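For reference, model.pdb is printed below; it contains PDB, C-alpha atoms.
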```pdb
ATOM      1  CA  MET G   1      16.425 -21.193  21.011
ATOM      2  CA  TYR G   2      18.219 -24.290  22.180
ATOM      3  CA  GLN G   3      19.962 -26.538  19.707
ATOM      4  CA  SER G   4      21.727 -28.890  22.046
ATOM      5  CA  ILE G   5      20.954 -29.571  25.712
ATOM      6  CA  LEU G   6      23.087 -31.620  28.083
ATOM      7  CA  VAL G   7      21.444 -33.444  30.982
ATOM      8  CA  PRO G   8      23.778 -35.105  33.495
ATOM      9  CA  TYR G   9      21.765 -38.072  34.707
ATOM     10  CA  ASP G  10      22.357 -40.158  37.827
ATOM     11  CA  ARG G  11      19.070 -42.078  37.971
ATOM     12  CA  SER G  12      17.795 -40.016  40.914
ATOM     13  CA  ASP G  13      14.294 -38.510  41.018
ATOM     14  CA  GLN G  14      15.875 -35.075  40.678
ATOM     15  CA  ALA G  15      17.687 -36.126  37.526
ATOM     16  CA  ARG G  16      14.401 -37.428  36.128
ATOM     17  CA  ASN G  17      12.813 -34.052  36.871
ATOM     18  CA  ALA G  18      15.688 -32.354  35.072
ATOM     19  CA  LEU G  19      15.268 -34.601  32.049
ATOM     20  CA  GLU G  20      11.530 -33.900  31.956
ATOM     21  CA  ALA G  21      12.237 -30.157  32.040
ATOM     22  CA  ALA G  22      14.839 -30.486  29.285
ATOM     23  CA  LEU G  23      12.361 -32.433  27.188
ATOM     24  CA  GLY G  24       9.795 -29.678  27.671
ATOM     25  CA  LEU G  25      12.277 -27.055  26.481
ATOM     26  CA  ALA G  26      13.518 -29.128  23.568
ATOM     27  CA  SER G  27      10.118 -30.030  22.191
ATOM     28  CA  ASP G  28       8.691 -26.542  22.798
ATOM     29  CA  GLU G  29      11.307 -24.995  20.632
ATOM     30  CA  THR G  30      13.412 -26.334  17.803
ATOM     31  CA  HIS G  31      13.319 -30.016  18.587
ATOM     32  CA  ALA G  32      16.734 -29.598  20.175
ATOM     33  CA  LYS G  33      19.055 -32.506  20.666
ATOM     34  CA  ILE G  34      19.164 -33.833  24.235
ATOM     35  CA  THR G  35      22.344 -35.560  25.316
ATOM     36  CA  ILE G  36      21.940 -37.643  28.455
ATOM     37  CA  LEU G  37      25.199 -38.179  30.285
ATOM     38  CA  TYR G  38      25.680 -40.858  32.903
ATOM     39  CA  VAL G  39      28.870 -40.906  34.944
ATOM     40  CA  ALA G  40      29.279 -44.555  35.809
ATOM     41  CA  PRO G  41      31.425 -45.867  38.645
ATOM     42  CA  LEU G  42      33.880 -47.770  36.456
ATOM     43  CA  PRO G  43      35.233 -50.897  38.196
ATOM     44  CA  ASP G  44      39.010 -50.952  38.502
ATOM     45  CA  PHE G  45      39.906 -53.952  36.379
ATOM     46  CA  ASN G  46      43.522 -53.700  37.568
ATOM     47  CA  ASP G  47      42.483 -53.894  41.199
ATOM     48  CA  PRO G  48      44.173 -56.828  43.048
ATOM     49  CA  ALA G  49      40.751 -58.052  44.208
ATOM     50  CA  PHE G  50      39.558 -58.232  40.599
ATOM     51  CA  GLU G  51      42.761 -60.007  39.544
ATOM     52  CA  ALA G  52      42.342 -62.475  42.401
ATOM     53  CA  ALA G  53      38.765 -63.164  41.338
ATOM     54  CA  ALA G  54      39.933 -63.642  37.746
ATOM     55  CA  GLN G  55      42.591 -66.097  38.891
ATOM     56  CA  MET G  56      40.011 -68.033  40.916
ATOM     57  CA  ALA G  57      37.980 -68.235  37.723
ATOM     58  CA  GLY G  58      40.956 -69.810  35.984
ATOM     59  CA  VAL G  59      42.355 -66.720  34.276
ATOM     60  CA  ILE G  60      46.093 -66.567  35.010
ATOM     61  CA  GLN G  61      46.663 -62.949  33.990
ATOM     62  CA  VAL G  62      44.281 -60.354  32.597
ATOM     63  CA  SER G  63      45.918 -58.664  29.620
ATOM     64  CA  ASP G  64      45.559 -55.000  28.726
ATOM     65  CA  THR G  65      43.490 -55.980  25.709
ATOM     66  CA  GLU G  66      41.128 -57.948  27.927
ATOM     67  CA  VAL G  67      40.863 -55.019  30.335
ATOM     68  CA  LEU G  68      39.916 -52.743  27.430
ATOM     69  CA  GLU G  69      37.353 -55.262  26.248
ATOM     70  CA  LEU G  70      35.893 -55.500  29.768
ATOM     71  CA  GLN G  71      35.677 -51.711  29.915
ATOM     72  CA  ARG G  72      33.974 -51.593  26.516
ATOM     73  CA  GLU G  73      31.434 -54.202  27.649
ATOM     74  CA  PHE G  74      30.869 -52.304  30.877
ATOM     75  CA  TYR G  75      30.154 -49.021  29.054
ATOM     76  CA  ALA G  76      27.869 -50.793  26.570
ATOM     77  CA  SER G  77      25.836 -52.407  29.353
ATOM     78  CA  GLN G  78      25.585 -49.113  31.260
ATOM     79  CA  LYS G  79      24.423 -47.327  28.125
ATOM     80  CA  GLU G  80      21.791 -49.985  27.527
ATOM     81  CA  GLU G  81      20.523 -49.628  31.091
ATOM     82  CA  LEU G  82      20.514 -45.842  30.738
ATOM     83  CA  GLU G  83      18.413 -46.027  27.574
ATOM     84  CA  LYS G  84      15.926 -48.338  29.289
ATOM     85  CA  ASP G  85      15.793 -46.123  32.372
ATOM     86  CA  VAL G  86      14.948 -42.896  30.511
ATOM     87  CA  ALA G  87      12.715 -44.404  27.827
ATOM     88  CA  PRO G  88       9.467 -43.805  29.792
ATOM     89  CA  ILE G  89      10.396 -40.136  30.231
ATOM     90  CA  LEU G  90      11.401 -39.501  26.634
ATOM     91  CA  GLY G  91       8.469 -41.301  25.048
ATOM     92  CA  ASP G  92       8.703 -40.912  21.269
ATOM     93  CA  TYR G  93      11.186 -38.030  21.402
ATOM     94  CA  SER G  94      14.010 -39.280  19.234
ATOM     95  CA  ASN G  95      16.533 -36.444  18.943
ATOM     96  CA  THR G  96      18.631 -37.845  21.760
ATOM     97  CA  ALA G  97      22.115 -39.135  22.415
ATOM     98  CA  TYR G  98      23.252 -41.343  25.285
ATOM     99  CA  ARG G  99      26.751 -41.085  26.675
ATOM    100  CA  VAL G 100      28.442 -42.954  29.485
ATOM    101  CA  THR G 101      31.682 -41.797  30.981
ATOM    102  CA  SER G 102      33.507 -42.351  34.233
ATOM    103  CA  GLY G 103      35.551 -40.455  36.778
ATOM    104  CA  LYS G 104      34.845 -37.918  39.470
ATOM    105  CA  PRO G 105      31.328 -36.765  38.539
ATOM    106  CA  GLN G 106      31.952 -32.988  38.549
ATOM    107  CA  ASP G 107      35.155 -33.325  36.500
ATOM    108  CA  ALA G 108      33.624 -35.812  34.097
ATOM    109  CA  ILE G 109      30.543 -33.632  33.514
ATOM    110  CA  ALA G 110      32.584 -30.437  33.062
ATOM    111  CA  GLU G 111      35.035 -32.134  30.705
ATOM    112  CA  PHE G 112      32.211 -33.630  28.677
ATOM    113  CA  ALA G 113      30.323 -30.311  28.549
ATOM    114  CA  ASP G 114      33.429 -28.529  27.270
ATOM    115  CA  SER G 115      33.948 -31.087  24.538
ATOM    116  CA  GLY G 116      30.562 -30.466  22.913
ATOM    117  CA  HIS G 117      28.638 -27.510  21.619
ATOM    118  CA  TYR G 118      25.930 -27.419  24.247
ATOM    119  CA  ASP G 119      23.963 -24.251  24.795
ATOM    120  CA  LEU G 120      22.346 -25.352  28.050
ATOM    121  CA  ILE G 121      22.951 -27.790  30.891
ATOM    122  CA  VAL G 122      19.902 -28.887  32.852
ATOM    123  CA  MET G 123      20.493 -30.372  36.298
ATOM    124  CA  GLY G 124      18.333 -31.437  39.216
ATOM    125  CA  CYS G 125      18.782 -30.255  42.800
ATOM    126  CA  ARG G 126      20.722 -32.781  44.822
ATOM    127  CA  GLY G 127      22.053 -33.204  48.307
ATOM    128  CA  LEU G 128      20.658 -32.343  51.708
ATOM    129  CA  GLY G 129      19.198 -29.049  50.530
ATOM    130  CA  ALA G 130      17.287 -30.499  47.603
ATOM    131  CA  LEU G 131      13.913 -29.999  49.283
ATOM    132  CA  ARG G 132      14.442 -26.260  49.549
ATOM    133  CA  GLY G 133      15.880 -26.088  46.047
ATOM    134  CA  ALA G 134      19.561 -25.990  46.975
ATOM    135  CA  LEU G 135      22.235 -27.819  45.055
ATOM    136  CA  GLY G 136      24.618 -30.544  46.077
ATOM    137  CA  SER G 137      28.380 -30.215  45.996
ATOM    138  CA  VAL G 138      28.710 -31.875  42.574
ATOM    139  CA  SER G 139      26.329 -29.362  41.022
ATOM    140  CA  TYR G 140      28.188 -26.398  42.546
ATOM    141  CA  ALA G 141      31.469 -27.779  41.266
ATOM    142  CA  VAL G 142      29.974 -28.133  37.773
ATOM    143  CA  LEU G 143      28.629 -24.567  37.930
ATOM    144  CA  ARG G 144      32.096 -23.259  38.622
ATOM    145  CA  SER G 145      33.732 -25.309  35.885
ATOM    146  CA  VAL G 146      31.614 -24.630  32.815
ATOM    147  CA  ASP G 147      30.986 -21.630  30.578
ATOM    148  CA  ILE G 148      27.481 -22.734  29.643
ATOM    149  CA  PRO G 149      24.216 -21.531  31.218
ATOM    150  CA  VAL G 150      23.019 -24.008  33.834
ATOM    151  CA  LEU G 151      19.312 -24.435  34.495
ATOM    152  CA  VAL G 152      18.483 -26.027  37.816
ATOM    153  CA  VAL G 153      15.197 -27.863  38.241
ATOM    154  CA  LYS G 154      13.682 -27.885  41.722
TER     155      LYS G 154
ATOM    156  CA  MET F   1      30.273  -5.201  44.150
ATOM    157  CA  ASN F   2      27.657  -7.092  42.156
ATOM    158  CA  GLN F   3      26.501  -5.652  38.859
ATOM    159  CA  PHE F   4      22.891  -6.663  39.472
ATOM    160  CA  GLN F   5      20.686  -6.576  42.547
ATOM    161  CA  THR F   6      17.977  -8.822  43.936
ATOM    162  CA  ASN F   7      14.600  -8.295  42.226
ATOM    163  CA  ASP F   8      16.158  -6.827  39.058
ATOM    164  CA  ILE F   9      14.320  -8.056  35.973
ATOM    165  CA  VAL F  10      16.840  -9.074  33.336
ATOM    166  CA  LEU F  11      17.292 -10.955  30.097
ATOM    167  CA  TYR F  12      19.722 -13.865  30.235
ATOM    168  CA  GLY F  13      21.091 -14.455  26.750
ATOM    169  CA  SER F  14      18.474 -16.281  24.745
ATOM    170  CA  ASN F  15      17.064 -17.849  27.916
ATOM    171  CA  GLY F  16      14.351 -15.269  28.311
ATOM    172  CA  CYS F  17      13.198 -12.893  31.002
ATOM    173  CA  CYS F  18      14.260 -13.649  34.551
ATOM    174  CA  ARG F  19      14.045 -12.053  37.968
ATOM    175  CA  ILE F  20      17.166 -12.086  40.108
ATOM    176  CA  SER F  21      15.509 -13.802  43.033
ATOM    177  CA  GLU F  22      18.626 -14.089  45.171
ATOM    178  CA  ILE F  23      22.357 -13.556  45.235
ATOM    179  CA  GLU F  24      23.560 -16.666  46.986
ATOM    180  CA  THR F  25      26.915 -16.661  48.723
ATOM    181  CA  ARG F  26      28.686 -19.898  49.523
ATOM    182  CA  GLU F  27      32.209 -20.973  50.265
ATOM    183  CA  SER F  28      32.823 -21.603  46.591
ATOM    184  CA  GLY F  29      31.730 -18.086  45.632
ATOM    185  CA  SER F  30      28.538 -16.180  44.954
ATOM    186  CA  TYR F  31      25.818 -16.862  42.414
ATOM    187  CA  TYR F  32      23.044 -14.911  40.775
ATOM    188  CA  ILE F  33      19.880 -16.978  41.058
ATOM    189  CA  LEU F  34      17.765 -16.109  38.028
ATOM    190  CA  THR F  35      14.167 -17.286  38.120
ATOM    191  CA  PRO F  36      12.441 -17.302  34.711
ATOM    192  CA  VAL F  37       9.448 -14.958  34.907
ATOM    193  CA  HIS F  38       7.036 -17.289  33.150
ATOM    194  CA  LYS F  39       8.315 -20.678  34.289
ATOM    195  CA  ASP F  40       8.002 -22.364  37.661
ATOM    196  CA  ARG F  41      10.303 -24.902  39.224
ATOM    197  CA  THR F  42      13.445 -23.795  37.422
ATOM    198  CA  LYS F  43      16.245 -21.324  38.025
ATOM    199  CA  PHE F  44      19.471 -20.370  36.320
ATOM    200  CA  MET F  45      22.540 -20.186  38.516
ATOM    201  CA  VAL F  46      25.303 -17.883  37.360
ATOM    202  CA  PRO F  47      28.600 -17.536  39.228
ATOM    203  CA  THR F  48      28.995 -13.777  39.725
ATOM    204  CA  ASP F  49      32.695 -13.980  38.837
ATOM    205  CA  ASN F  50      32.137 -15.775  35.511
ATOM    206  CA  GLU F  51      32.506 -12.790  33.177
ATOM    207  CA  ASN F  52      31.433 -14.716  30.105
ATOM    208  CA  LEU F  53      28.130 -15.795  31.626
ATOM    209  CA  VAL F  54      27.481 -12.543  33.496
ATOM    210  CA  SER F  55      28.014 -10.602  30.251
ATOM    211  CA  ARG F  56      24.958 -12.404  28.854
ATOM    212  CA  ILE F  57      22.772 -10.824  31.534
ATOM    213  CA  ARG F  58      21.319  -7.475  30.499
ATOM    214  CA  PRO F  59      18.583  -5.255  31.858
ATOM    215  CA  VAL F  60      15.144  -5.454  30.284
ATOM    216  CA  PRO F  61      14.791  -2.550  27.799
ATOM    217  CA  SER F  62      12.599   0.437  28.646
ATOM    218  CA  LYS F  63       9.034   0.801  27.355
ATOM    219  CA  LYS F  64      10.198   3.653  25.136
ATOM    220  CA  ALA F  65      12.975   1.566  23.590
ATOM    221  CA  VAL F  66      10.547  -1.253  22.782
ATOM    222  CA  HIS F  67       7.922   1.179  21.430
ATOM    223  CA  ASP F  68      10.598   2.566  19.099
ATOM    224  CA  CYS F  69      11.571  -0.943  18.005
ATOM    225  CA  ILE F  70       7.979  -1.859  17.172
ATOM    226  CA  ARG F  71       7.565   1.348  15.125
ATOM    227  CA  ARG F  72      10.824   0.865  13.245
ATOM    228  CA  ALA F  73       9.997  -2.774  12.527
ATOM    229  CA  ALA F  74       6.526  -1.827  11.270
ATOM    230  CA  GLN F  75       8.071   0.525   8.716
ATOM    231  CA  ALA F  76      10.876  -1.797   7.591
ATOM    232  CA  GLU F  77      10.564  -4.377   4.837
ATOM    233  CA  PRO F  78      11.170  -7.982   5.975
ATOM    234  CA  SER F  79      13.647  -9.978   3.914
ATOM    235  CA  TRP F  80      13.608 -13.703   3.162
ATOM    236  CA  ILE F  81      16.649 -15.911   2.582
ATOM    237  CA  ASP F  82      15.863 -18.634   0.050
ATOM    238  CA  ASP F  83      18.677 -20.994   0.997
ATOM    239  CA  ASN F  84      17.421 -23.212   3.853
ATOM    240  CA  ALA F  85      20.745 -23.637   5.641
ATOM    241  CA  ALA F  86      21.701 -19.959   5.367
ATOM    242  CA  ARG F  87      18.227 -18.915   6.570
ATOM    243  CA  LYS F  88      18.433 -21.217   9.584
ATOM    244  CA  GLU F  89      21.908 -19.981  10.456
ATOM    245  CA  ALA F  90      20.858 -16.322  10.214
ATOM    246  CA  ALA F  91      17.787 -17.007  12.344
ATOM    247  CA  LYS F  92      19.879 -18.758  14.988
ATOM    248  CA  GLU F  93      22.094 -15.704  15.252
ATOM    249  CA  VAL F  94      19.119 -13.392  15.726
ATOM    250  CA  LEU F  95      17.541 -15.655  18.338
ATOM    251  CA  ALA F  96      20.820 -15.913  20.217
ATOM    252  CA  SER F  97      21.384 -12.141  20.128
ATOM    253  CA  GLY F  98      17.979 -11.338  21.603
ATOM    254  CA  ASP F  99      17.940  -8.013  19.705
ATOM    255  CA  GLU F 100      14.310  -6.854  19.829
ATOM    256  CA  PHE F 101      14.221  -5.189  16.383
ATOM    257  CA  ASP F 102      15.858  -8.195  14.687
ATOM    258  CA  LEU F 103      13.484 -10.570  16.497
ATOM    259  CA  LEU F 104      10.457  -8.608  15.305
ATOM    260  CA  MET F 105      11.749  -8.602  11.725
ATOM    261  CA  LEU F 106      12.505 -12.315  11.946
ATOM    262  CA  ALA F 107       8.999 -13.077  13.200
ATOM    263  CA  ARG F 108       7.472 -10.883  10.475
ATOM    264  CA  SER F 109       9.415 -12.463   7.631
ATOM    265  CA  PHE F 110       8.733 -16.042   8.788
ATOM    266  CA  HIS F 111       5.062 -15.231   9.395
ATOM    267  CA  GLN F 112       4.706 -13.669   5.936
ATOM    268  CA  HIS F 113       6.368 -16.707   4.391
ATOM    269  CA  LYS F 114       4.035 -19.025   6.299
ATOM    270  CA  GLN F 115       0.986 -17.145   5.005
ATOM    271  CA  HIS F 116       2.370 -17.220   1.466
ATOM    272  CA  VAL F 117       2.960 -20.985   1.405
ATOM    273  CA  MET F 118      -0.431 -21.641   2.999
ATOM    274  CA  GLN F 119      -2.098 -19.620   0.243
ATOM    275  CA  ILE F 120      -0.614 -21.960  -2.350
ATOM    276  CA  GLY F 121      -1.709 -25.009  -0.388
ATOM    277  CA  LYS F 122       1.662 -25.922   1.087
ATOM    278  CA  LYS F 123       3.155 -26.094   4.560
ATOM    279  CA  THR F 124       6.251 -24.488   6.019
ATOM    280  CA  THR F 125       9.125 -26.754   6.990
ATOM    281  CA  SER F 126       9.301 -27.877  10.610
ATOM    282  CA  SER F 127      12.508 -25.882  10.999
ATOM    283  CA  ASP F 128      10.819 -22.672   9.801
ATOM    284  CA  SER F 129       7.843 -23.330  12.086
ATOM    285  CA  SER F 130      10.159 -23.836  15.055
ATOM    286  CA  ILE F 131      12.078 -20.654  14.309
ATOM    287  CA  LEU F 132       8.865 -18.640  14.047
ATOM    288  CA  ARG F 133       7.588 -20.137  17.307
ATOM    289  CA  SER F 134      10.874 -19.406  19.078
ATOM    290  CA  ALA F 135      10.900 -15.781  17.908
ATOM    291  CA  GLN F 136       7.268 -15.298  18.923
ATOM    292  CA  ASP F 137       7.823 -16.905  22.324
ATOM    293  CA  HIS F 138      10.849 -14.738  22.941
ATOM    294  CA  ILE F 139       8.975 -11.554  21.990
ATOM    295  CA  ARG F 140       5.896 -12.458  24.045
ATOM    296  CA  ASP F 141       8.011 -13.398  27.060
ATOM    297  CA  GLU F 142       9.996 -10.153  27.002
ATOM    298  CA  PHE F 143       7.361  -7.636  25.894
ATOM    299  CA  SER F 144       4.819  -8.917  28.400
ATOM    300  CA  VAL F 145       7.262  -8.034  31.181
ATOM    301  CA  VAL F 146       8.179  -4.653  29.680
ATOM    302  CA  PHE F 147       4.536  -3.581  29.290
ATOM    303  CA  ASP F 148       3.181  -5.537  32.256
ATOM    304  CA  ILE F 149       0.644  -7.461  30.197
ATOM    305  CA  GLU F 150      -0.017 -11.167  29.701
ATOM    306  CA  PRO F 151       2.096 -12.974  27.059
ATOM    307  CA  GLU F 152      -1.137 -13.801  25.190
ATOM    308  CA  GLU F 153      -1.894 -10.082  24.857
ATOM    309  CA  VAL F 154       1.430  -9.187  23.243
ATOM    310  CA  ASP F 155       0.505 -10.013  19.607
ATOM    311  CA  ALA F 156      -2.524  -7.719  19.680
ATOM    312  CA  PHE F 157      -0.506  -5.042  21.434
ATOM    313  CA  ILE F 158       2.200  -5.109  18.740
ATOM    314  CA  GLY F 159      -0.463  -5.132  16.024
ATOM    315  CA  GLY F 160      -2.070  -2.004  17.494
ATOM    316  CA  GLU F 161       1.254  -0.203  17.845
ATOM    317  CA  ALA F 162       2.334  -1.151  14.322
ATOM    318  CA  SER F 163      -0.972   0.056  12.786
ATOM    319  CA  THR F 164      -0.614   3.402  14.556
ATOM    320  CA  SER F 165       2.933   3.888  13.334
ATOM    321  CA  ARG F 166       1.999   2.997   9.734
ATOM    322  CA  GLY F 167      -0.661   5.692   9.949
TER     323      GLY F 167
END
```
Encoding of this model in structure tokens:
Amino acid sequence: MYQSILVPYDRSDQARNALEAALGLASDETHAKITILYVAPLPDFNDPAFEAAAQMAGVIQVSDTEVLELQREFYASQKEELEKDVAPILGDYSNTAYRVTSGKPQDAIAEFADSGHYDLIVMGCRGLGALRGALGSVSYAVLRSVDIPVLVVK
Amino acid sequence: MNQFQTNDIVLYGSNGCCRISEIETRESGSYYILTPVHKDRTKFMVPTDNENLVSRIRPVPSKKAVHDCIRRAAQAEPSWIDDNAARKEAAKEVLASGDEFDLLMLARSFHQHKQHVMQIGKKTTSSDSSILRSAQDHIRDEFSVVFDIEPEEVDAFIGGEASTSRG
């Protein structure tokens, strides 16, 4: 009986398969909550190239507050795109949460998984071995970092 | 030395009946690959050195043990918790434990309640329906493997066993 399922989602076909499988489990049973996690490549707003571009646009110096605001806008736009991307898969299933984080994918997923009360993680096969059902390096790293059952979808 | 071997049929926590289809060894360590018996396209991967996760894997009970469970459950009186939240919490614990006797009693009490409310023209809550369905699915999944029958045949099988034990 699953109450809360975490699906790390990277917009690949395998991640879509994983989300479909999670949806099947969640709706079969107790209408479990599905949390869809996207690890976004967060732009470095302190990068010299970004600062140079800002200066060319007439901004003399980007303050910390502005950097935070840019990050907030970035996360909001990524979350919006994520919601649009998975909407056709989820249909009218509403017990969902969307989360966007950043960082090294395996660390970000493991850290996020530990912070919640998830009773299952559903992941798709990735990497060169995906066709024969093998996992990619990120998935193996997640497997070794979490204390939650991991279901892999071929 | 691994605790389980390839082709062992096991229960993995509340995730149902699985066959250990492979013990995969990689640079990062080795993994039990658990393929759910009644589901295609999915597999659980369990690092063999993760004691917490490995401790959730247990062998499927013997036919005799399950026969005994069915008989004991047939003779016991199901109980019903009136408080919705407390009932849900208790049910969650039983479903997570995977204990066969408790699962049978859970299914019986929720089924009896469903029949009772239907008789008075009402419906069970969606939470109660889900709990009943989960318990039934769990029992069908496991007992079908133990007795080598189809999941759809399990209800009738339990009914027959229970009638015999009630005399």
Inset, instruction - Between CA of Asp68 in chain F and CA of Thr164 in chain F, measure the distance and give it in Å to one decimal. - result: 12.1 Å
Legend entry - range 142-155 of chain F surroundings by all atoms listed in the file, 8 Å radius, close-in-sequence under 2 positions cut, as a list in words: Leu11, Gly16, Cys17, Val60, Pro61, Ser62, Lys63, Val66, His138, Ile139, Arg140, Phe157, Ile158 and Gly159 of chain F
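Taking CA of Tyr32 in chain F and CA of Val46 in chain F as the two end points, the separation is 5.1 Å.
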Legend entry - Nearest to Ile57 in chain F by atom-to-atom distance, counting all atoms listed in the file, from F:Cys18, F:Ala74, F:Leu104, F:Ile131: F:Cys18
Legend entry - Spatial neighbours of Ile70 in chain F, 9 Å, only C-alpha atoms, chain gap at least 6 places, as a list in words: Glu100, Phe101, Leu104, Ile158, Glu161, Ala162 and Ser165 of chain F
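Every protein or nucleic acid residue with an atom no more than 10 Å from Met105 in chain F, counting only C-alpha atoms and leaving out same-chain residues fewer than 2 positions away, appears here: Cys69, Ile70, Arg72, Ala73, Ala74, Ala76, Glu77, Pro78, Ser79, Val94, Glu100, Phe101, Asp102, Leu103, Ala107, Arg108, Ser109, Phe110, His111 and Ala135 of chain F.
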With C-alpha atoms retained, export the selected residues as a PDB file, in the coordinates of the input.
```pdb
ATOM      1  CA  CYS F  69      11.571  -0.943  18.005  1.00  0.00           C
ATOM      2  CA  ILE F  70       7.979  -1.859  17.172  1.00  0.00           C
ATOM      3  CA  ARG F  72      10.824   0.865  13.245  1.00  0.00           C
ATOM      4  CA  ALA F  73       9.997  -2.774  12.527  1.00  0.00           C
ATOM      5  CA  ALA F  74       6.526  -1.827  11.270  1.00  0.00           C
ATOM      6  CA  ALA F  76      10.876  -1.797   7.591  1.00  0.00           C
ATOM      7  CA  GLU F  77      10.564  -4.377   4.837  1.00  0.00           C
ATOM      8  CA  PRO F  78      11.170  -7.982   5.975  1.00  0.00           C
ATOM      9  CA  SER F  79      13.647  -9.978   3.914  1.00  0.00           C
ATOM     10  CA  VAL F  94      19.119 -13.392  15.726  1.00  0.00           C
ATOM     11  CA  GLU F 100      14.310  -6.854  19.829  1.00  0.00           C
ATOM     12  CA  PHE F 101      14.221  -5.189  16.383  1.00  0.00           C
ATOM     13  CA  ASP F 102      15.858  -8.195  14.687  1.00  0.00           C
ATOM     14  CA  LEU F 103      13.484 -10.570  16.497  1.00  0.00           C
ATOM     15  CA  ALA F 107       8.999 -13.077  13.200  1.00  0.00           C
ATOM     16  CA  ARG F 108       7.472 -10.883  10.475  1.00  0.00           C
ATOM     17  CA  SER F 109       9.415 -12.463   7.631  1.00  0.00           C
ATOM     18  CA  PHE F 110       8.733 -16.042   8.788  1.00  0.00           C
ATOM     19  CA  HIS F 111       5.062 -15.231   9.395  1.00  0.00           C
ATOM     20  CA  ALA F 135      10.900 -15.781  17.908  1.00  0.00           C
TER      21      ALA F 135
END
```
Inset, instruction - Select, from G:Lys79, G:Lys84, G:Arg99, G:Arg72, the residue with the minimum atom-to-atom distance to Val7 in chain G, counting all atoms listed in the file. - result: G:Arg99
Inset, instruction - Just say which residues the ChimeraX specification (/F :<8) & /G picks in this file, as a PyMOL selection string. - result: chain G and resi 1+29-31+140+143-144+147-154
Could you take the residues named above and write them with C-alpha atoms, as a PDB file, in the coordinates of the input?
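Below you can see selection-v5.pdb, which holds the result:
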```
ATOM      1  CA  MET G   1      16.425 -21.193  21.011  1.00  0.00           C
ATOM      2  CA  GLU G  29      11.307 -24.995  20.632  1.00  0.00           C
ATOM      3  CA  THR G  30      13.412 -26.334  17.803  1.00  0.00           C
ATOM      4  CA  HIS G  31      13.319 -30.016  18.587  1.00  0.00           C
ATOM      5  CA  TYR G 140      28.188 -26.398  42.546  1.00  0.00           C
ATOM      6  CA  LEU G 143      28.629 -24.567  37.930  1.00  0.00           C
ATOM      7  CA  ARG G 144      32.096 -23.259  38.622  1.00  0.00           C
ATOM      8  CA  ASP G 147      30.986 -21.630  30.578  1.00  0.00           C
ATOM      9  CA  ILE G 148      27.481 -22.734  29.643  1.00  0.00           C
ATOM     10  CA  PRO G 149      24.216 -21.531  31.218  1.00  0.00           C
ATOM     11  CA  VAL G 150      23.019 -24.008  33.834  1.00  0.00           C
ATOM     12  CA  LEU G 151      19.312 -24.435  34.495  1.00  0.00           C
ATOM     13  CA  VAL G 152      18.483 -26.027  37.816  1.00  0.00           C
ATOM     14  CA  VAL G 153      15.197 -27.863  38.241  1.00  0.00           C
ATOM     15  CA  LYS G 154      13.682 -27.885  41.722  1.00  0.00           C
TER      16      LYS G 154
END
```
Inset, instruction - Mind giving me the straight-line distance from CA of Gln5 in chain F to CA of Ser55 in chain F in Å, one decimal? - result: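 Value for the CA of Gln5 in chain F-CA of Ser55 in chain F distance: 14.9 Å.
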Have range 10-17 of chain G completed to N, CA, C and O atoms, please, and pass it along as a compact mmCIF listing (two decimals), keeping the file's coordinate frame.
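Final output, saved to selection-v9.txt:
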```txt
# COMPACT_ATOMS: atom_id res chain seq x y z
N ASP G 10 21.82 -39.18 36.87
CA ASP G 10 22.36 -40.16 37.83
C ASP G 10 21.27 -41.09 38.36
O ASP G 10 21.43 -41.70 39.41
N ARG G 11 20.19 -41.17 37.65
CA ARG G 11 19.07 -42.08 37.97
C ARG G 11 18.29 -41.66 39.22
O ARG G 11 17.48 -42.44 39.71
N SER G 12 18.56 -40.49 39.75
CA SER G 12 17.80 -40.02 40.91
C SER G 12 16.48 -39.39 40.43
O SER G 12 16.33 -39.08 39.24
N ASP G 13 15.56 -39.17 41.37
CA ASP G 13 14.29 -38.51 41.02
C ASP G 13 14.56 -37.10 40.50
O ASP G 13 13.89 -36.62 39.59
N GLN G 14 15.57 -36.45 41.10
CA GLN G 14 15.88 -35.08 40.68
C GLN G 14 16.39 -35.05 39.24
O GLN G 14 16.09 -34.12 38.48
N ALA G 15 17.17 -36.06 38.90
CA ALA G 15 17.69 -36.13 37.53
C ALA G 15 16.54 -36.39 36.54
O ALA G 15 16.53 -35.87 35.43
N ARG G 16 15.58 -37.19 36.99
CA ARG G 16 14.40 -37.43 36.13
C ARG G 16 13.63 -36.13 35.91
O ARG G 16 13.19 -35.83 34.80
N ASN G 17 13.49 -35.35 37.00
CA ASN G 17 12.81 -34.05 36.87
C ASN G 17 13.55 -33.16 35.87
O ASN G 17 12.93 -32.46 35.07
```
